[in-house]
There are 4 protein chains.
Amino acid sequence: MRYFKSDNTAAVCPEILAAIAAANAGVAPAYGTDRWSETLDDVFGRFFETEVRVFAVSSGTAANSLALATFCPPWGTVLCHAESHIERDECGAPEFFTGGAKLSLIEGAGAKFGAAELRARLDWFEPHVHGVQPRALSITQATERGAVYTPAEIRALADIAHGRGMAVHMDGARFANALVAQGVSPAELSWKAGVDVLSFGVIKNGGMNAEAVVFFDPARVADFEFRRKRAGQLACKGRYAAVQLATYVESGLWRRNAERANGLAARIAAAAPSLLSVPFETNQVFMRLGAERIEALSREFAFYPWGPAGSGEARFVCSWDTPDADVDALCAALQNLR
Amino acid sequence: MRYFKSDNTAAVCPEILAAIAAANAGVAPAYGTDRWSETLDDVFGRFFETEVRVFAVSSGTAANSLALATFCPPWGTVLCHAESHIERDECGAPEFFTGGAKLSLIEGAGAKFGAAELRARLDWFEPHVHGVQPRALSITQATERGAVYTPAEIRALADIAHGRGMAVHMDGARFANALVAQGVSPAELSWKAGVDVLSFGVIKNGGMNAEAVVFFDPARVADFEFRRKRAGQLACKGRYAAVQLATYVESGLWRRNAERANGLAARIAAAAPSLLSVPFETNQVFMRLGAERIEALSREFAFYPWGPAGSGEARFVCSWDTPDADVDALCAALQNLR
Amino acid sequence: MRYFKSDNTAAVCPEILAAIAAANAGVAPAYGTDRWSETLDDVFGRFFETEVRVFAVSSGTAANSLALATFCPPWGTVLCHAESHIERDECGAPEFFTGGAKLSLIEGAGAKFGAAELRARLDWFEPHVHGVQPRALSITQATERGAVYTPAEIRALADIAHGRGMAVHMDGARFANALVAQGVSPAELSWKAGVDVLSFGVIKNGGMNAEAVVFFDPARVADFEFRRKRAGQLACKGRYAAVQLATYVESGLWRRNAERANGLAARIAAAAPSLLSVPFETNQVFMRLGAERIEALSREFAFYPWGPAGSGEARFVCSWDTPDADVDALCAALQNLR
Amino acid sequence: MRYFKSDNTAAVCPEILAAIAAANAGVAPAYGTDRWSETLDDVFGRFFETEVRVFAVSSGTAANSLALATFCPPWGTVLCHAESHIERDECGAPEFFTGGAKLSLIEGAGAKFGAAELRARLDWFEPHVHGVQPRALSITQATERGAVYTPAEIRALADIAHGRGMAVHMDGARFANALVAQGVSPAELSWKAGVDVLSFGVIKNGGMNAEAVVFFDPARVADFEFRRKRAGQLACKGRYAAVQLATYVESGLWRRNAERANGLAARIAAAAPSLLSVPFETNQVFMRLGAERIEALSREFAFYPWGPAGSGEARFVCSWDTPDADVDALCAALQNLR
């Protein structure tokens with residue numbers, strides 16, 4: 001089977017495996033006091049062109065939930081898209097980590113929303129004790145539908161959020177794909193646009209089992225550190241996580257891998273542009289194929305039908321190590337569809 | 001500096017790193033549906049000579065807390081030793097994962113307690129709604145003071161616990177060291193003695209970042225699986241955790257590494273037996289040295305003073321890869337102490 | 001000002017105050033072991049024509065949340081209407097009491113939904129660990145828009161819920177108003193239609209500060225009792241809550257008071273039927289008046305504008321002790337509106 | 001049976017019942033916006049001779065837990081006596097309301113501890129992420145053994161706590177009894193001695209079902225108010241709670257009732273001073289009677305044996321409405337004991 005189910009089925013890229021092996025010599029102090037962990041702030045500071053505090057965790061779900069719990073009290077709510085990963089795919093992790101805060105959902109094409117939708121949703125909340133209070137905004141970059149938020153779009157949302165006393169969280173499970181797609185700098189797509197805390201994804205784009213939580217403001221960091229430990233997310237042998245994160249940003253792997261994934265997906269999108277159900281932007285391709293064609297393609301290709309049952313939609317995802325031959329085959333198959 | 005602070009500062013043993021590299025080829029289904037994850041039940045079933053359900057998590061804290069949350073309701077309490085890791089060193093993780101259950105503490109030399117102490121502590125609880133209800137017993141193998149529980153000792157505690165409707169959890173962060181020290185089988189030291197769920201430690205004894213939670217009764221497994229996901233502890237690229245666990249038990253690494261660690265520690269204990277503050281049993285050595293000798297040794301050796309300030313006690317831990325030369329040097333230094 | 005804001009602004013009806021005074025003689029055992037508390041099961045058993053277990057709590061929010069927490073695990077979700085009290089007006093209490101379960105919202109006119117809407121919402125959930133699992137259905141009787149669910153409607157919803165392993169909770173803050181409006185028995189509107197647990201409202205309809213949680217199946221009662229205590233909802237002097245609940249159902253107050261409230265509201269609805277924005281059914285009247293007429297009426301009458309800003313809608317609620325003269329005046333004012 | 005089990009079995013004193021009845025006229029705005037609730041800050045401000053913020057809740061457990069949750073983060077711990085109500089008698093409520101914070105226990109005669117014991121316990125905590133952090137101190141006034149803390153004793157503890165960044169909570173379930181016993185002012189026994197938040201008990205000393213949470217510093221009040229609502233502790237018909245609290249402090253009931261309860265208990269203590277197992281100070285009397293005499297007295301008197309099984313100790317509690325004749329009878333019985 002040729003595999004287009006997700007970028008999280010990819011292997012670890014060789015540079016990261018090599019860096020892990022290189023770090024595997026002799027003792028290293030435990031619990032994030034090793035030299036790899038201790039340089040993460042500097043490494044990511046250079047990457048983001050500002051002072052940051054960076055923490056490794058073992059999964060995107062942990063990154064998102066711990067970041068949100070740091071900013072949203074139990075009686076608060078996180079505004080996010082109805083199709084967002086934190087709402088749909090984390091089994092209530094944000095509710096668990098926050099001690100029972102709510103997620104308040106916003107609709108919008110491309111799993112994306114704009115200032116008008118955010119303002120309309122905020123109108124529902126009143127500053128009294130009967131309802132939860134909006135305390136965080138979470139946007140996904142790139143979105144669950146492969147779309148990106150531009151720096152200007154983020155800024156518009158962040159200004160509204162900050163004006164209401166809300167923090168801005170970015171779920172950047174595919175942050176590198178969004179960077180590459182837009183040709184902007186990490187700074188422009190994060191703190192310069194108003195992001196307060198970023199779940200910086202590494203695993204999908206070549207990492208093994210470490211994601212970074214990046215704070216652009218150190219005020220809440222102490223609280224975060226206690227929460228991370230308490231959640232079983234402070235690795236005992238911290239060097240193996242830290243070296244993944246450092247290698248990923250320092251070596252330019254983030255860019256090379258995302259460029260490859262986005263480029264392969266672009267070829268798929270270009271093979272049958274009239275079938276696209278959502279505009280193509282990063283490394284995910286959504287097509288409206290219909291049940292029959294989905295079934296036909298499923299004989300050779302592994303991919304997910306998408307949306308509600310009977311939608312006839314399908315998703316194809318490319319990763320850093322999707323074989324060219326698999327993409328060739330899928331393009332050909334799409335072109336041959338009637 | 002020669003390093004005796006902890007076994008969690010050790011590197012990953014080469015066989016495990018090699019197994020990770022070997023697993024790093026091509027795509028693998030995500031979230032524990034890869035072929036490495038799917039064979040864990042069989043691999044551990046052979047190891048424990050019974051049917052088991054096994055789950056990988058990223059840390060010992062997560063293993064302990066998720067296991068306990070599966071058995072102890074929010075209005076329950078976990079009976080454990082006052083010096084146990086879950087009480088002292090996890091920043092309240094069990095309270096977090098259980099939704100606010102209590103830990104009820106028991107004292108005892110060697111960070112260990114027996115049937116009499118357990119019964120006396122249980123006498124405090126009444127079956128009414130005013131107090132939390134004992135729902136889990138957690139014992140540590142080997143204990144925070146390096147002691148082991150024998151199968152008979154576990155059985156005595158488990159019978160009391162089961163008679164009160166409590167589950168029996170074993171924090172086996174150093175389970176291999178306890179196995180080797182006693183020369184008994186994994187089955188004898190777990191389910192045959194009454195253990196219901198085991199946090200099976202791999203990291204300290206040669207692993208990288210995966211621990212196993214082993215259920216000897218499948219009844220609570222569904223609940224556990226939702227909790228694991230919700231806690232951000234279900235790895236997206238599951239093969240890298242699963243292969244660590246499988247390699248550890250299948251290849252006999254657990255035994256070889258623990259034998260080496262215990263053996264090195266035995267040499268240290270033998271170098272100054274009159275200084276031992278706790279009987280030596282596994283890979284940790286506790287000595288009453290006094291402030292002056294602690295200071296003197298600290299120039300060449302890294303280790304932790306132990307106990308309350310001014311106790312004059314120190315802990316030396318050996319791992320699978322502590323250099324022989326370091327142990328030689330420590331033994332010599334201890335023998336030269338006046 | 002003539003007051004139509006809510007039925008929770010009413011006084012306590014004299015019979016209940018008298019019953020409290022009558023209970024205030026000498027000592028009574030504490031924490032629900034007094035003779036008033038101990039007869040609640042029998043009193044409510046006769047009322048519901050079946051065996052029940054009944055518990056007093058201090059508020060509707062506590063009743064709803066404790067009932068839901070008893071049936072819905074932290075990794076579960078409660079399906080309910082988007083306008084329901086548990087979603088809008090309890091500041092996240094269900095999330096708090098459940099340990100972070102979700103509420104999954106369903107839309108529908110009259111703050112009500114039917115089998116088709118429930119089925120469609122359930123289609124979103126898959127039986128895997130990535131998403132929360134539907135474990136409870138909560139419906140409101142009468143709804144936040146004054147509508148009622150008939151026994152047949154409840155049965156249709158309950159069958160779907162039970163078929164998915166979900167419990168059925170009824171938020172009966174205005175249960176008596178719904179009973180009276182339909183002329184059916186308490187049994188017909190609860191357990192005979194498939195309700196597993198009922199928050200039985202007393203406060204709005206003449207009580208002081210006690211609501212009842214009624215279990216039609218005793219299986220979860222032990223868990224509930226620990227949760228109630230742990231939530232600070234087990235009254236120390238239990239007789240004063242119990243006597244309110246017993247008096248309310250035994251004396252027929254529930255019926256007399258609800259009949260009066262519904263009857264007064266019916267007069268208001270009849271005064272300007274063309275303005276009704278929602279069909280009239282119980283003791284709440286919703287009218288589309290427009291901003292100007294709302295402002296005009298606000299000089300003499302206290303009531304809530306309803307819905308999003310600018311909707312021009314208003315809500316008038318009658319209680320057991322709304323003065324006839326106030327209703328006369330409101331009817332006249334509505335008839336004089338241009 | 002003559003009843004000495006607890007002061008929570010007493011009736012409501014007539015003045016409070018009369019005040020409730022007087023407040024029961026016509027409509028009153030809901031959820032704490034009625035005129036009784038809105039004057040509580042002033043009423044209690046006069047009582048405490050300083051600006052305060054006061055909130056009604058339905059139980060002492062709720063008062064304690066909500067107050068602690070406002071000051072102690074989930075990764076914090078509350079230092080308290082091992083026999084305290086929050087540890088022994090609230091089924092884990094503080095853990096629930098705080099989101100899983102710990103209670104760290106201190107021993108001491110009379111269910112009391114001093115500066116030395118507090119300092120020794122604090123020595124266990126290190127300012128790192130591996131352990132919970134001390135964030136609140138909770139002391140009980142009067143203690144579970146009837147003892148009082150003097151203003152100077154409170155000040156000594158509060159200085160240590162504040163020096164460590166901890167808040168000081170007082171569980172004042174029997175605050176009035178402690179005031180009367182010491183002849184000091186409410187201010188001297190609270191904020192002037194360093195108390196930050198007080199659970200001010202009303203129920204045991206003549207109230208029905210309302211306790212006050214008194215904040216001497218308004219900084220955390222907003223958080224508290226959301227938590228109270230979310231816990232189902234914001235009464236819909238708020239006047240009935242508020243009028244209890246106001247009447248209790250304004251009319252001097254607190255003093256009159258506590259003086260009577262303490263006075264009756266003093267007679268019991270004086271009847272058999274040689275049997276006292278704990279020095280007598282407030283309205284609880286502890287005596288070491290032995291099993292035989294406990295059994296003999298139990299034929300005529302209802303009271304609790306105290307301490308672990310076989311201790312031979314008994315507790316007698318007097319309330320504001322314990323009959324003189326009952327005290328006469330108990331005194332006579334005690335004097336006749338051999």
# chains A, B, ... in the order shown; residues from 1 in each chain; ligands from 1
>>> interface_residues(of="chain C", to="chain A", cutoff="12 Å", atoms="only C-alpha atoms", output="PyMOL selection string")
chain C and resi 61+73-77+82-105+120-134+306-310
>>> residues_around(residues="Arg260 (chain C)", least_positions_apart="4", cutoff="9 Å", atoms="only C-alpha atoms", output="ChimeraX atom specification")
/C:255-256,264-265,283,318-322
>>> select_by_dssp(residues="region 111-168 of chain C", states="alpha helix (DSSP H)", output="list of chain:residue names")
C:Ala115, C:Ala116, C:Glu117, C:Leu118, C:Arg119, C:Ala120, C:Arg121, C:Leu122, C:Pro151, C:Ala152, C:Glu153, C:Ile154, C:Arg155, C:Ala156, C:Leu157, C:Ala158, C:Asp159, C:Ile160, C:Ala161, C:His162, C:Gly163
>>> write_last_selection(atoms="all heavy atoms", output="short mmCIF file (atom, residue, chain, number, x, y, z; two decimals), in the first residue's frame")
data_model
loop_
_atom_site.label_atom_id
_atom_site.label_comp_id
_atom_site.auth_asym_id
_atom_site.auth_seq_id
_atom_site.Cartn_x
_atom_site.Cartn_y
_atom_site.Cartn_z
N ALA C 115 -35.15 13.01 18.25
CA ALA C 115 -34.35 11.82 17.96
C ALA C 115 -33.42 12.04 16.77
O ALA C 115 -32.26 11.60 16.79
CB ALA C 115 -35.27 10.62 17.71
N ALA C 116 -33.89 12.71 15.76
CA ALA C 116 -33.06 12.90 14.56
C ALA C 116 -31.82 13.73 14.89
O ALA C 116 -30.70 13.40 14.49
CB ALA C 116 -33.87 13.58 13.45
N GLU C 117 -32.04 14.81 15.63
CA GLU C 117 -30.90 15.67 16.00
C GLU C 117 -29.92 14.91 16.91
O GLU C 117 -28.71 15.06 16.77
CB GLU C 117 -31.39 16.93 16.74
CG GLU C 117 -32.12 17.92 15.85
CD GLU C 117 -33.62 17.62 15.75
OE1 GLU C 117 -34.06 16.55 16.26
OE2 GLU C 117 -34.36 18.43 15.16
N LEU C 118 -30.45 14.12 17.82
CA LEU C 118 -29.57 13.36 18.70
C LEU C 118 -28.75 12.36 17.90
O LEU C 118 -27.53 12.24 18.07
CB LEU C 118 -30.39 12.63 19.78
CG LEU C 118 -29.61 11.71 20.73
CD1 LEU C 118 -28.49 12.45 21.46
CD2 LEU C 118 -30.54 11.04 21.74
N ARG C 119 -29.43 11.66 17.01
CA ARG C 119 -28.70 10.68 16.18
C ARG C 119 -27.61 11.34 15.35
O ARG C 119 -26.50 10.83 15.24
CB ARG C 119 -29.68 9.94 15.27
CG ARG C 119 -30.11 8.61 15.85
CD ARG C 119 -30.79 7.73 14.82
NE ARG C 119 -31.95 7.09 15.42
CZ ARG C 119 -33.19 7.52 15.29
NH1 ARG C 119 -33.48 8.59 14.54
NH2 ARG C 119 -34.16 6.89 15.91
N ALA C 120 -27.94 12.47 14.77
CA ALA C 120 -26.95 13.16 13.93
C ALA C 120 -25.74 13.58 14.75
O ALA C 120 -24.60 13.47 14.30
CB ALA C 120 -27.60 14.39 13.28
N ARG C 121 -25.98 14.03 15.96
CA ARG C 121 -24.85 14.45 16.81
C ARG C 121 -24.02 13.25 17.22
O ARG C 121 -22.78 13.32 17.28
CB ARG C 121 -25.40 15.17 18.05
CG ARG C 121 -24.33 15.87 18.88
CD ARG C 121 -23.77 17.05 18.12
NE ARG C 121 -22.66 17.73 18.82
CZ ARG C 121 -21.40 17.29 18.81
NH1 ARG C 121 -21.08 16.20 18.17
NH2 ARG C 121 -20.46 17.98 19.43
N LEU C 122 -24.69 12.15 17.50
CA LEU C 122 -23.96 10.94 17.91
C LEU C 122 -23.08 10.41 16.79
O LEU C 122 -22.06 9.75 17.05
CB LEU C 122 -24.95 9.87 18.39
CG LEU C 122 -25.48 10.08 19.81
CD1 LEU C 122 -26.65 9.15 20.09
CD2 LEU C 122 -24.36 9.87 20.83
N PRO C 151 -43.79 12.37 27.21
CA PRO C 151 -43.25 11.04 27.54
C PRO C 151 -42.77 10.31 26.28
O PRO C 151 -41.71 9.67 26.31
CB PRO C 151 -44.45 10.33 28.18
CG PRO C 151 -45.21 11.44 28.84
CD PRO C 151 -45.09 12.62 27.90
N ALA C 152 -43.48 10.44 25.20
CA ALA C 152 -43.06 9.74 23.98
C ALA C 152 -41.75 10.31 23.43
O ALA C 152 -40.89 9.58 22.94
CB ALA C 152 -44.16 9.82 22.92
N GLU C 153 -41.62 11.62 23.49
CA GLU C 153 -40.38 12.24 23.02
C GLU C 153 -39.19 11.81 23.89
O GLU C 153 -38.10 11.55 23.38
CB GLU C 153 -40.52 13.77 23.04
CG GLU C 153 -41.42 14.30 21.94
CD GLU C 153 -41.76 15.79 22.10
OE1 GLU C 153 -41.67 16.31 23.23
OE2 GLU C 153 -42.11 16.42 21.08
N ILE C 154 -39.40 11.77 25.19
CA ILE C 154 -38.33 11.34 26.09
C ILE C 154 -37.96 9.88 25.79
O ILE C 154 -36.78 9.53 25.70
CB ILE C 154 -38.77 11.46 27.56
CG1 ILE C 154 -39.13 12.91 27.89
CG2 ILE C 154 -37.69 10.96 28.51
CD1 ILE C 154 -39.86 13.09 29.21
N ARG C 155 -38.96 9.07 25.62
CA ARG C 155 -38.72 7.65 25.34
C ARG C 155 -37.88 7.47 24.07
O ARG C 155 -36.94 6.66 24.04
CB ARG C 155 -40.07 6.92 25.23
CG ARG C 155 -40.04 5.51 24.71
CD ARG C 155 -39.06 4.60 25.40
NE ARG C 155 -39.36 4.36 26.81
CZ ARG C 155 -38.46 3.90 27.68
NH1 ARG C 155 -37.22 3.63 27.31
NH2 ARG C 155 -38.80 3.70 28.93
N ALA C 156 -38.20 8.24 23.05
CA ALA C 156 -37.44 8.12 21.80
C ALA C 156 -35.98 8.48 22.02
O ALA C 156 -35.06 7.79 21.54
CB ALA C 156 -38.06 9.02 20.74
N LEU C 157 -35.75 9.55 22.76
CA LEU C 157 -34.37 9.96 23.05
C LEU C 157 -33.67 8.95 23.97
O LEU C 157 -32.51 8.59 23.75
CB LEU C 157 -34.36 11.34 23.72
CG LEU C 157 -34.85 12.50 22.86
CD1 LEU C 157 -35.02 13.76 23.71
CD2 LEU C 157 -33.89 12.77 21.71
N ALA C 158 -34.39 8.48 24.95
CA ALA C 158 -33.79 7.56 25.93
C ALA C 158 -33.41 6.24 25.26
O ALA C 158 -32.38 5.65 25.58
CB ALA C 158 -34.75 7.31 27.09
N ASP C 159 -34.24 5.79 24.34
CA ASP C 159 -33.91 4.53 23.67
C ASP C 159 -32.60 4.66 22.90
O ASP C 159 -31.76 3.75 22.91
CB ASP C 159 -35.05 4.12 22.73
CG ASP C 159 -36.23 3.53 23.52
OD1 ASP C 159 -36.08 3.28 24.74
OD2 ASP C 159 -37.30 3.35 22.91
N ILE C 160 -32.44 5.77 22.22
CA ILE C 160 -31.18 5.98 21.49
C ILE C 160 -30.02 6.03 22.48
O ILE C 160 -28.99 5.38 22.28
CB ILE C 160 -31.24 7.31 20.69
CG1 ILE C 160 -32.33 7.21 19.62
CG2 ILE C 160 -29.88 7.63 20.08
CD1 ILE C 160 -32.65 8.54 18.97
N ALA C 161 -30.18 6.80 23.52
CA ALA C 161 -29.11 6.95 24.51
C ALA C 161 -28.74 5.61 25.13
O ALA C 161 -27.56 5.22 25.15
CB ALA C 161 -29.52 7.94 25.60
N HIS C 162 -29.75 4.90 25.60
CA HIS C 162 -29.45 3.61 26.23
C HIS C 162 -28.81 2.64 25.25
O HIS C 162 -27.95 1.84 25.61
CB HIS C 162 -30.73 3.02 26.83
CG HIS C 162 -31.24 3.79 28.01
ND1 HIS C 162 -32.56 3.87 28.35
CD2 HIS C 162 -30.57 4.55 28.93
CE1 HIS C 162 -32.70 4.63 29.43
NE2 HIS C 162 -31.52 5.05 29.80
N GLY C 163 -29.22 2.73 24.01
CA GLY C 163 -28.63 1.87 22.98
C GLY C 163 -27.15 2.15 22.77
O GLY C 163 -26.42 1.32 22.24
#
>>> residues_around(residues="Arg174 (chain D)", least_positions_apart="5", cutoff="7 Å", atoms="only C-alpha atoms", output="number ranges by chain")
D: 141-142, 201
>>> atom_distance(atom1="CA of Thr140 (chain C)", atom2="CA of Phe175 (chain C)")
8.5 Å
>>> residues_around(residues="Asp196 (chain B)", least_positions_apart="2", cutoff="7 Å", atoms="only C-alpha atoms", output="PyMOL selection string")
chain B and resi 167-169+191+194+198+215-217
>>> closest_residue(among="D:Ala325, D:Met166, D:Val278, D:Met1", to="Ala111 (chain D)", atoms="only C-alpha atoms")
D:Val278
>>> decode(residues="region 110-137 of chain B", atoms="C-alpha atoms", output="mmCIF file, in the first residue's frame")
data_model
loop_
_atom_site.group_PDB
_atom_site.id
_atom_site.type_symbol
_atom_site.label_atom_id
_atom_site.label_comp_id
_atom_site.auth_asym_id
_atom_site.auth_seq_id
_atom_site.Cartn_x
_atom_site.Cartn_y
_atom_site.Cartn_z
ATOM 1 C CA GLY B 110 13.837 0.889 54.464
ATOM 2 C CA ALA B 111 10.936 2.817 52.878
ATOM 3 C CA LYS B 112 9.032 -0.433 53.336
ATOM 4 C CA PHE B 113 6.104 -1.538 55.442
ATOM 5 C CA GLY B 114 4.519 -4.815 56.394
ATOM 6 C CA ALA B 115 1.113 -6.258 57.090
ATOM 7 C CA ALA B 116 0.931 -4.889 60.624
ATOM 8 C CA GLU B 117 1.627 -1.319 59.522
ATOM 9 C CA LEU B 118 -0.875 -1.614 56.685
ATOM 10 C CA ARG B 119 -3.567 -2.946 58.986
ATOM 11 C CA ALA B 120 -2.945 -0.219 61.533
ATOM 12 C CA ARG B 121 -3.259 2.459 58.861
ATOM 13 C CA LEU B 122 -6.431 0.924 57.492
ATOM 14 C CA ASP B 123 -7.972 1.093 60.943
ATOM 15 C CA TRP B 124 -8.253 4.832 60.503
ATOM 16 C CA PHE B 125 -10.735 4.574 57.669
ATOM 17 C CA GLU B 126 -14.428 4.137 58.241
ATOM 18 C CA PRO B 127 -16.930 3.110 55.599
ATOM 19 C CA HIS B 128 -18.847 6.365 55.636
ATOM 20 C CA VAL B 129 -18.965 9.357 53.343
ATOM 21 C CA HIS B 130 -17.048 11.654 55.680
ATOM 22 C CA GLY B 131 -13.701 10.195 54.811
ATOM 23 C CA VAL B 132 -11.950 9.015 51.696
ATOM 24 C CA GLN B 133 -12.020 5.281 51.116
ATOM 25 C CA PRO B 134 -8.938 3.074 50.683
ATOM 26 C CA ARG B 135 -9.047 1.882 47.102
ATOM 27 C CA ALA B 136 -5.471 1.183 46.160
ATOM 28 C CA LEU B 137 -2.269 0.033 47.777
#
